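Only one structure is covered here, and it is reproduced in the block below.
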Amino acid sequence: MNLTLKVWRQQNTEDKGALETYQVKNISSEMSFLEMFDVLNEELIVEGKDPIAFDHDCREGICGACSMHINGRAHGPWFKNTTCQLHMRAFKDGDTIVVEPFRSAAFPVLKDLIVDRTSFDRIIQAGGYVSVNTGNSQDANAIPIDKKNADDAFMAASCIGCGACVATCPNGSAMLFVGAKVSQLALLPQGAPERESRVLNMVAQMDKESFGNCTNIYACEAECPKGISVANIARLNREYISAGFSTES
Amino acid sequence: MSLNSKIPNGEISDKWDDYKGHVKLVNPANKRKLEVIVVGTGLAGASAAAALGEMGYKVKAFCFQDSPRRAHSIAAQGGINAAKNYQNDGDSVFRLFYDTVKGGDYRAREANVHRLAEVSSAIIDQCVAQGVPFAREYGGLLSNRSFGGTQVQRTFYAAGQTGQQLLLGAYSALERQVALGNVEMYSRHEMLDVVMIDDKARGIIARDLITGKLERHFGHAILLCSGGYGNVFYLSTNAMGSNVTAAWKAHKKGAFFGNPCFTQIHPTCIPVSGDYQSKLTLMSESLRNDGRIWVPKKKDDNRKATEIPEDERDYYLERRYPAFGNLVPRDVASRAAKERCDEGYGVGTTKLAVYLDFADAIKRYGRIEAGKTGRADLDEASIIALGKAVVEEKYGNLFEMYEKITGENPYVVPMRIYPAVHYVMGGLWVDYELQTTVKGLYALGEANFSDHGANRLGASALMQGLADGYFVIPYTLGNYLADEIRTANIPLDHPAFVATEKEVNDRINHLMNIKGTQSVESFHKRLGKIMWDKCGMARNENGLKEAIEEIRELKKEFWSNVRIPGSVSGINPELDKAGRVADFIELGELMCMDALQRRESCGGHFREESQTEEGEAKRDDENYSYVSAWEYKGESDWVLNKEELTFEIVKPTQRSYK
Ligand SMILES: Cc1cc2nc3c(=O)[nH]c(=O)nc-3n(C[C@H](O)[C@H](O)[C@H](O)COP(=O)(O)OP(=O)(O)OC[C@H]3O[C@@H](n4cnc5c(N)ncnc54)[C@H](O)[C@@H]3O)c2cc1C
Ligand code: SF4
Ligand code: FES
């Protein structure tokens, strides 16, 4: 198939940036979306032009590096899917596809489709862990965990840190990302000792990083490639409120 | 140079305890003055950086991704082994040790493997304490499954996302140390050389991948945890950025390269669909627990899989290897698939694929579920629905991934799979302490050659990476650093730093100034094709000799005709890739040389000249029971050193899984 691409080009963070138009020909429906970009970049290089910069690594939906906003949707038209897993059979001959970076005040553009998501790392630094030094642990089966809680914790922990939730949210909120980590550790006995400080510190860091507030729009859940549920936001709120009460009292 | 593997004396089961009991220690006040550089923050690097930070060392950690959470380890699917014997099925430290040495086709060092088996249990304890959500049974205890090459259930897992969960555990431990100020994290940085002062590694030159600027960093010791080099084949299951550069630069500064030709070709990957293909996707080995592998009994059978009746299917692994069936080790399963396809029994449009079929498993699980609730009289469709739910819980994310890529539903039609490059057993040669032949320079995780011999068993790479990082290096590094407490930080304007930075800078400018006509990618693809055709699943003398010539030609062409757009400053992924491909080309030559000198078949290394009458790999212990450790002398010039392997416990026999 032949397609028209409108791709965001921006030299660096200071540059204003703009959409540029490219034609790509003979694209197979078996290709992945990023392989289609490889083909385009190969042509640009041979023509002596600057190829389009984009983040990617695993190309199998698990590292969370890829971050394209495709036709107005984070990670494109398929649900529960990352950009790298999107395949060209999602499009048809003659389509025009608009590709932009994930946009959010907390994710400045570095170049073209590459954004800076280190704010997520800083949120984890604020408390997204259990404080256990290496070698300080008891036998793994000494802590039986209810299967339902273990499964829910796993579901929350499967967040890939891509930032689609933030890019999708009209307020640029990171509540789904933070809620997922807080929930994972709140559901497990290992997380209990630091339960209160964790949620307070992570939320404080989130606020510092220019993420917006959650107004219960839930676009994040719809666009999350891993299907992280907004139930995690509800749990985050509960944890936050009860931590607030107990530290004040 | 003679190789000293520093294996402690004594009984195999006492060596590590004895070592720990006598190793030199660094007192806490001195630890704060000692700086350690950790290159790479996958499982090996993140665990090492976190553990060393906890101990009080000053750590600087580097990775080329935007966050340590995205290292290639994140993609590991199936699981991690540990000799917990929670299933009471006869597992033990000894059995894990034995299986690993045998699985590695008797080309690994016994003492290292034994230590790995000893610390395996503690890894699971540590991860659970961090909140890693492993799969559990209804009673709340941890669940296990089996993996290829073993007859016990010792693999811990988190659906098909075990690597993700383990890495996020190590990442959280690392970020905690960052928050405490014990670790400084340099993301989007690429290490491009080792700085040597008086025959010791004293620092690195790294490039900031956002600004393009070179930086100098001092360390009392340097740990390379930079992962494997499977991408030398262009197509592999590795992440796109995985590369050999860090290890290769170290090699050129004096670190010997161990068994470079030992590559693991994984039997169950989604087959290649076209020449635009950028990577291959693994379908975890855990699927072989429940999936049955088959091809039609008739050559060139073009019927759909579901139309081929049971008695016209050849379950060739079950037929050839009744004792292990579909759970034979990877090298054996891969070669068997290749053999069937080469003989004309392959399936799918390219005929380079075999079926991995879940129909029986779905029915079996369905019946068990029905039985549990006393509904044994359910109709077939309901049983299948129950069974599908069980299979989905075990492998749901893999089935989804398969469907996204191929557009086919594996709950209904069998998966099509074919072997693909997956892992490298080869890597920097290290001694028992994980130190390379360069003083102060260590290698951990997939970047070293240490524990898997000529073939790695499934679920053992995650175990090794975390063993190296959490439980080995914290002890062995002290043995070196205890003598370094008087070494003050070396200023960054030391001539060695200046000269090394200049070398790196000159090379980058050289690359940029070639201004040829071919993209970096096109050279990488050509290298991959040479390697796959001639140094892949089967190797022979002629092919390897040709490959060496072809790679030398390719190298000349690369250095005269590569085109790198953009500039040195700012983000330039093409420039990053160019440096990596240049190193892959040099490595490819060494891999072929290594494969050429090893005129035996062992594990993943199959020399066509050395096979049994049934076509199984034939080892030659008399002549090749050694680790090849290559010493770099200059362009296309290496000296082969040998570390003889002695087997005191596990007596080498011809490996049999029949
Ligand atoms: C698809 C897949 C599935 C797998 N499944 C399993 C499994 O189920 N069980 C199992 O045991 N094993 C599995 N493996 C193997 C296992 O995942 C790897 O061997 C292991 O994760 C490697 O970990 P590592 O820490 O050594 O390296 P990696 O995770 O590759 O990390 C390398 C690190 O080094 C950094 N780096 C590299 N070069 C440089 C440089 N020059 N400068 C700065 N930083 C650098 C990278 O940024 C990264 O942080 C699988 C592998 C693949 C490909
Ligand atoms: S919650 Fe979902 S969308 Fe947000 S970072 Fe995690 S995986 Fe991405
Ligand atoms: S490239 Fe890793 S999730 Fe897309």
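Chain lettering (A, B, ...) mirrors the order of the structure tokens, residue numbering begins at 1 for each chain separately, and ligand numbering begins at 1 in order of display.
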Step by step, measure atom-to-atom distances between ligand 1 and each residue using only C-alpha atoms and all ligand atoms, keep those at most 7 Å, then write them as JSON, numbers by chain.
-> {"B": [39, 40, 41, 42, 43, 44, 45, 62, 63, 64, 65, 68, 71, 72, 73, 74, 75, 76, 77, 78, 79, 80, 162, 163, 189, 190, 191, 192, 225, 226, 227, 228, 237, 238, 239, 242, 243, 244, 245, 246, 281, 282, 284, 422, 423, 444, 445, 446, 447, 458, 459, 460, 461, 462, 463, 465]}
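All chain B residues having an atom within 6 Å of chain A, based on only C-alpha atoms, amount to Ala51, Arg70, Asp125, Gln126, Val128, Ala129, Gln130, Gly131, Pro133, Arg136, Tyr138, Gly140, Leu141, Ser172, Glu175, Arg176, Ala179, Ala239, Met240, Gly241, Pro565 and Gly566 of chain B.
The space separating CA of Glu586 in chain B from CA of Thr500 in chain B comes to 19.8 Å.
Interatomic distance, CA of Ser146 in chain B against CA of Ser656 in chain B: 18.5 Å.
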List every residue of range 159-282 of chain B that DSSP, applied to the backbone, labels as strand (DSSP E or B), and write the result as a PyMOL selection string.
-> chain B and resi 183-186+189-197+200-208+214-218+221-224+257-258+263-269+282
Might you pull out every residue within 10 Å of range 208-217 of chain A, with only C-alpha atoms counted and same-chain residues fewer than 4 positions away left off, and present them as a compact mmCIF listing (two decimals) with N, CA, C and O atoms, in the first residue's frame?
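Result saved to selection20.txt:
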```
# COMPACT_ATOMS: atom_id res chain seq x y z
N SER A 104 3.20 16.30 26.66
CA SER A 104 2.84 16.63 28.04
C SER A 104 3.89 17.61 28.56
O SER A 104 5.05 17.55 28.16
N ALA A 105 3.46 18.49 29.44
CA ALA A 105 4.41 19.46 30.01
C ALA A 105 5.54 18.73 30.73
O ALA A 105 6.68 19.19 30.77
N ALA A 106 5.24 17.53 31.27
CA ALA A 106 6.26 16.80 32.01
C ALA A 106 7.16 15.96 31.10
O ALA A 106 8.12 15.34 31.58
N PHE A 107 6.85 15.92 29.81
CA PHE A 107 7.65 15.13 28.84
C PHE A 107 8.18 16.03 27.73
O PHE A 107 7.70 15.98 26.60
N THR A 118 12.16 11.16 32.10
CA THR A 118 12.89 10.87 33.34
C THR A 118 12.09 11.25 34.58
O THR A 118 12.42 10.81 35.69
N SER A 119 11.04 12.05 34.40
CA SER A 119 10.19 12.37 35.55
C SER A 119 9.63 11.09 36.17
O SER A 119 9.44 11.01 37.38
N PHE A 120 9.36 10.09 35.34
CA PHE A 120 8.87 8.81 35.87
C PHE A 120 9.90 8.16 36.80
O PHE A 120 9.56 7.60 37.83
N ARG A 122 12.09 9.68 38.55
CA ARG A 122 12.16 10.45 39.81
C ARG A 122 10.97 10.12 40.72
O ARG A 122 11.09 10.13 41.94
N ILE A 123 9.84 9.82 40.11
CA ILE A 123 8.69 9.42 40.95
C ILE A 123 8.99 8.10 41.64
O ILE A 123 8.70 7.91 42.83
N VAL A 166 -0.28 9.54 30.38
CA VAL A 166 -0.06 10.98 30.54
C VAL A 166 -0.36 11.70 29.23
O VAL A 166 -1.04 12.73 29.19
N CYS A 169 -4.12 11.92 28.62
CA CYS A 169 -4.95 12.66 29.58
C CYS A 169 -5.00 14.15 29.21
O CYS A 169 -3.96 14.78 29.05
N PRO A 170 -6.20 14.72 29.10
CA PRO A 170 -6.28 16.15 28.79
C PRO A 170 -5.58 17.02 29.84
O PRO A 170 -5.15 18.12 29.54
N ASN A 171 -5.44 16.48 31.07
CA ASN A 171 -4.76 17.24 32.12
C ASN A 171 -3.29 16.86 32.25
O ASN A 171 -2.59 17.40 33.09
N GLY A 172 -2.85 15.88 31.47
CA GLY A 172 -1.46 15.41 31.59
C GLY A 172 -1.18 14.82 32.96
O GLY A 172 -0.10 14.99 33.54
N SER A 173 -2.14 14.06 33.48
CA SER A 173 -1.96 13.49 34.81
C SER A 173 -1.22 12.15 34.75
O SER A 173 -1.37 11.39 33.80
N ALA A 174 -0.43 11.88 35.78
CA ALA A 174 0.32 10.62 35.85
C ALA A 174 -0.28 9.67 36.87
O ALA A 174 0.38 8.76 37.37
N MET A 175 -1.56 9.89 37.18
CA MET A 175 -2.18 9.10 38.24
C MET A 175 -2.21 7.60 37.96
O MET A 175 -2.10 6.79 38.87
N LEU A 176 -2.37 7.21 36.69
CA LEU A 176 -2.44 5.77 36.41
C LEU A 176 -1.08 5.13 36.66
O LEU A 176 -0.98 4.06 37.26
N MET A 202 5.45 9.76 46.78
CA MET A 202 5.32 9.61 45.33
C MET A 202 4.36 10.66 44.77
O MET A 202 4.60 11.24 43.70
N VAL A 203 3.29 10.91 45.48
CA VAL A 203 2.34 11.92 45.01
C VAL A 203 2.99 13.31 45.06
O VAL A 203 2.84 14.11 44.13
N ALA A 204 3.75 13.58 46.10
CA ALA A 204 4.42 14.88 46.19
C ALA A 204 5.37 15.07 45.01
O ALA A 204 5.43 16.13 44.39
N GLU A 221 -6.93 4.73 31.02
CA GLU A 221 -7.18 3.29 31.02
C GLU A 221 -7.45 2.79 29.60
O GLU A 221 -6.95 1.75 29.19
N VAL A 230 -8.24 1.64 36.02
CA VAL A 230 -8.38 2.85 36.85
C VAL A 230 -8.71 2.50 38.30
O VAL A 230 -8.66 3.36 39.17
N ILE A 233 -6.19 3.84 40.36
CA ILE A 233 -6.26 5.26 40.76
C ILE A 233 -7.13 5.37 42.01
O ILE A 233 -6.79 6.09 42.95
N ALA A 234 -8.22 4.60 42.02
CA ALA A 234 -9.08 4.63 43.20
C ALA A 234 -8.30 4.17 44.43
O ALA A 234 -8.39 4.76 45.50
```
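Ranking B:Asp66, B:Ala117, B:Leu434, B:Gly203 by their shortest atom-to-atom distance to Arg188 in chain B, with only C-alpha atoms included, puts B:Asp66 first.
By only C-alpha atoms, and with residues fewer than 2 positions from range 86-93 of chain B along its chain excluded, the set lying at most 6 Å from it is Ala83, Lys84, Arg95, Leu96, Ala117 and Glu118 of chain B.
Note that CA of Tyr432 in chain B and CA of Lys6 in chain B are 5.6 Å apart.
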Who sits within 8 Å of range 342-349 of chain B, only C-alpha atoms, same chain under 2 positions skipped, as number ranges by chain = B: 295-302, 338-340, 351-355, 416
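Between Val101 in chain B and the candidates B:Pro652, B:Gly291, B:Pro414, B:Pro322, the tightest atom-to-atom separation, counting only C-alpha atoms, involves B:Pro652.
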Within 12 Å of Glu285 in chain B using only C-alpha atoms, minus same-chain residues under 5 positions, as number ranges by chain = B: 76-80, 145-149, 155, 160, 265-269, 290-293, 326-330, 333-334, 356, 395, 398, 417, 419, 422, 457-459
Top pick for closest residue to ligand 3, considering B:Arg507, B:Ala547, B:Gln164, B:Val438 and counting only C-alpha atoms and all ligand atoms | B:Gln164
Could you name the residues that touch range 529-540 of chain B at 6 Å or less, counting only C-alpha atoms, but leaving out those on the same chain fewer than 3 positions away, as a ChimeraX atom specification?
-> /B:233,526,543-544,606-608
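The smallest atom-to-atom distance between ligand 3 and any of A:Leu19, A:Cys66, A:Ala74, A:Val99, using only C-alpha atoms and all ligand atoms, is found for A:Cys66.
Counting only C-alpha atoms and all ligand atoms, the residue from A:Met206, A:Gly179, A:Asn201, A:Tyr218 that sits nearest to ligand 2 is A:Gly179.
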Running DSSP on the backbone, which parts of range 2-158 of chain B land in alpha helix (DSSP H), as a count of residues only?
-> 57
